[in-house]
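Structure, as structure tokens:
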Amino acid sequence: MIDSNGRVIEFNPGAEETFGYARADVIGEEMHTLLMPPKFRDAHNAGFEKYLKTGEGPVLGQRVEIEGMRADGTYFPAELAINAAPSGDGEIFIGYLRDITAQKTAEEALRLEKERAEIANSAKDQFLAMMSHEIRTPLNGVIGVLGLLQDTTLDIGQEEYIRIARNSEKGLLDLINDILDYSKMEADKLELEHAVFELHPLIESVVDVLSPAAIEKSIAVSTTLAADLPRLLVGDPSRIRQIHLNLGSNAVKFTNVGSVEFRVTADRTPDGDKVQLRFDVEDTGIGIPEDKHPELFREFTTVDPSYSRKFGGTGLGLAISRRLTEMMDGEIGVSSIEGKGTTFWFRVPVAVATDDSSAYETVPEIDLKISPRRESQRLNILVADDTPTNGLVARKMLEKLGHSVDTVMNGVEAIEAVKARPYDLVLMDISMPEMDGLEATAAIRQIPAPISNVPIIALTAYAMKGDRERFIQAGMDDYLTKPIVRPQLLRILDGLADLRHSPAATTSPEGHDAHSEQKSAEGEQSRDEKHPGPGLDKPAPVLDKLVLEALADQLNQDELIAVIDSFIEDAGKRMDQVEKAQTAGDIEALEDAAHAMRSMGATFGVTSLAKTFGEIEELCIAGNGGAAMDLANTMDTGLEVVFSSLKEFVSRSSV
């Protein structure tokens with residue numbers, strides 16, 4: 001207790017223990033000089049005087065956290081409540097104080113543990129993303145070789161081996177995709193589309209995928225679609241298809257005799273703008289014991305160990321289906337009788353598309369022939385890429401689609417180009433000398449409209465999880481990973497050709513001004529995921545023929561020869577830069593040369609070359625110059641094999 005002069009008039013045993021003073025030592029002394037840290041004393045005195053004059057104070061009648069000072073001069077956190085009581089001519093103040101050091105220590109430990117958990121969770125997401133890349137790289141090599149082998153003359157036994165291998169390949173790819181989806185959901189990074197789609201083709205595509213396996217088992221597959229289903233809907237067709245495919249795949253897998261039926265019905269909401277779609281997948285298979293039903297939709301859960309050994313599976317498919325359904329504000333369930341079959345069902349709400357669907361993304365057509373819209377809109381496009389070969393390839397591809405193309409080699413030139421001429425689209429390499437793509441984009445967005453509104457698509461040879469968000473945040477509209485392939489390029493062009501803020505589109509004769517955000521079909525996969533290749537140290541050709549064949553399809557023979565010659569010339573110059581950087585110990589120069597080689601390698605399907613130079617680039621960025629130099633020393637051999645393989649490909653393609 002203290003009196004109205006701030007002097008201690010009572011000090012109980014609890015206070016003695018907390019502060020380390022004996023009662024006799026503090027009675028009659030000023031409280032703030034003994035028990036309060038110096039930095040708070042002035043504020044205390046001012047508040048105390050104000051209360052004595054006005055009767056108002058911020059502390060009385062409340063519980064507050066303060067710092068106390070012990071007899072040995074150490075500070076400690078405390079919780080304090082003060083009440084006033086009349087006494088003679090004035091008032092006395094009673095302070096109830098509790099040492100909360102243990103509580104604060106526990107809170108800090110909890111905060112640190114939370115930070116560690118968040119770091120561990122982030123590391124897990126990064127690990128899953130990296131592992132998916134690393135697993136896909138050799139797997140896609142296996143897939144490519146199996147495809148090539150399947151096109152050769154085989155005897156009956158060899159054809160059976162190939163069939164078995166391809167089934168295993170599909171199962172492994174499905175597993176990787178499930179793990180990626182699950183990791184995205186755990187990190188809350190899985191986004192749903194909002195697209196206009198037709199339901200009938202979606203169901204047919206699911207049945208088409210499952211029919212071969214059903215035919216092989218002599219299982220009848222049928223579909224029953226309600227007559228009142230709307231033709232056009234708005235939702236996420238790819239995720240609806242994924243759930244439907246998961247349920248259908250399980251039905252075929254666990255049915256040995258009988259049939260699998262797909263049924264779709266719809267219930268309209270009172271306002272008529274939405275429908276509740278219900279999908280039922282009914283089979284005559286082995287059925288599921290009733291006591292196992294609650295476990296079905298849990299992660300990594302199968303009905304029982306023997307079930308798992310007989311039929312395989314990780315238990316992720318149904319768990320992912322449940323999570324996807326819930327993300328779409330729907331529900332999923334099952335009814336089954338052991339030995340008599342199973343019906344899985346799910347319901348999701350979707351909007352009915354109106355006549356004006358410009359606010360929604362449209363699902364791209366499978367047929368990639370030039371559409372009337374593509375023919376009628378000649379776009380002015382700027383390509384910014386510091387590698388001349390990559391710029392040449394992009395220009396040839398775009399010109400063949402009927403567009404006008406300019407090329408520049410760095411961000412500074414890109415800014416000057418957009419100031420000098422209105423463009424409908426800018427394809428911007430991320431890593432360039434003088435000014436990179438992110439800086440150039442930020443600078444363009446600062447220019448007054450309409451120049452600042454030009455759509456900008458990032459070009460990168462290596463896209464990691466989260467990069468798309470980083471590019472969008474920098475002001476870009478989307479991104480493409482190298483090698484640029486025709487389907488993804490066409491989707492970007494179709495999605496952005498009508499962009500409202502495009503300078504040329506707003507004045508085009510056609511008057512198009514609708515735009516919807518077109519997500520890159522490349523998703524969050526790196527170039528290594530799609531186009532792996534054998535290592536440079538192997539005597540076999542080191543080319544991804546799928547990439548080169550796609551390139552050859554888009555260029556005539558003379559253009560193909562020109563871009564291959566340009567690659568060989570440019571690669572030779574870049575290797576000279578690598579050697580000079582090694583001699584001078586110049587890590588920045590090595591990083592620049594490695595980035596260029598990585599980018600060119602991805603464009604021309606030399607994926608082993610791109611992968612190794614990518615590792616060199618990342619080592620440079622991480623500051624590990626010694627390891628980068630050591631790895632660069634291994635690149636002298638193998639380039640001649642690459643060059644001769646490219647020339648051989650050109651020679652064969654001319655026949």
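The way I read the labels, and the way they are meant: chains A, B, ... in the order of the structure tokens, residue 1 as the first residue of every chain, and ligand 1 as the first ligand shown, with later ones counted on from there.
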So that I can check the surroundings of range 70-84 of chain A, please list as a PyMOL selection string every protein, DNA and RNA residue that reaches within 7 Å of it, counting only C-alpha atoms and ignoring chain neighbours fewer than 2 positions away. chain A and resi 19-21+35+59-68+86+91-101
Skipping near chain neighbours, those fewer than 4 positions away, what residues fall within 7 Å of Ser259 in chain A using only C-alpha atoms, listed as a CSV table (one decimal) with N, CA and C atoms, in the first residue's frame?
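Below is the file that was written, out00.csv:
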chain,number,residue,atom,x,y,z
A,219,ILE,N,-16.2,-55.0,-67.8
A,219,ILE,CA,-17.1,-54.2,-67.0
A,219,ILE,C,-17.9,-53.3,-67.9
A,220,ALA,N,-19.2,-53.2,-67.8
A,220,ALA,CA,-20.1,-52.3,-68.5
A,220,ALA,C,-20.0,-50.9,-67.8
A,221,VAL,N,-19.8,-49.9,-68.6
A,221,VAL,CA,-19.8,-48.5,-68.1
A,221,VAL,C,-20.9,-47.7,-68.8
A,283,ASP,N,-21.2,-48.8,-58.4
A,283,ASP,CA,-20.6,-50.0,-59.0
A,283,ASP,C,-21.1,-51.2,-58.3
A,284,THR,N,-20.8,-52.4,-58.9
A,284,THR,CA,-21.3,-53.7,-58.4
A,284,THR,C,-20.1,-54.4,-57.9
Select from range 185-324 of chain A everything DSSP, run on the backbone, classes as strand (DSSP E or B), then give the selection as a PyMOL selection string. chain A and resi 195-198+220-225+232-235+259-268+274-283
Could you tell me which of A:Ile240, A:Ala589, A:Ala552, A:Leu480 comes closest to Arg347 in chain A if we count only C-alpha atoms?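 Looking at the shortest contact to Arg347 in chain A, the residue is A:Ile240.
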Residues within 9 Å of Ala581 in chain A, please, as a ChimeraX atom specification. Count only C-alpha atoms; anything in the same chain fewer than 6 positions from it doesn't count. /A:587-590,593,629
Could the residues in this selection be written to a file with N, CA and C atoms, as a compact mmCIF listing (two decimals), in the first residue's frame?
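Produced file result_27.txt, reproduced below:
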# COMPACT_ATOMS: atom_id res chain seq x y z
N ILE A 587 32.07 -14.36 -60.30
CA ILE A 587 30.86 -15.13 -60.04
C ILE A 587 29.65 -14.52 -60.75
N GLU A 588 29.56 -13.19 -60.78
CA GLU A 588 28.41 -12.55 -61.44
C GLU A 588 28.39 -12.87 -62.93
N ALA A 589 29.56 -12.83 -63.57
CA ALA A 589 29.63 -13.14 -65.00
C ALA A 589 29.26 -14.60 -65.24
N LEU A 590 29.71 -15.48 -64.34
CA LEU A 590 29.37 -16.90 -64.47
C LEU A 590 27.86 -17.09 -64.32
N ALA A 593 26.12 -15.98 -67.59
CA ALA A 593 26.32 -16.94 -68.68
C ALA A 593 25.53 -18.23 -68.41
N MET A 629 32.00 -22.90 -59.69
CA MET A 629 33.17 -23.01 -60.58
C MET A 629 33.52 -24.47 -60.84
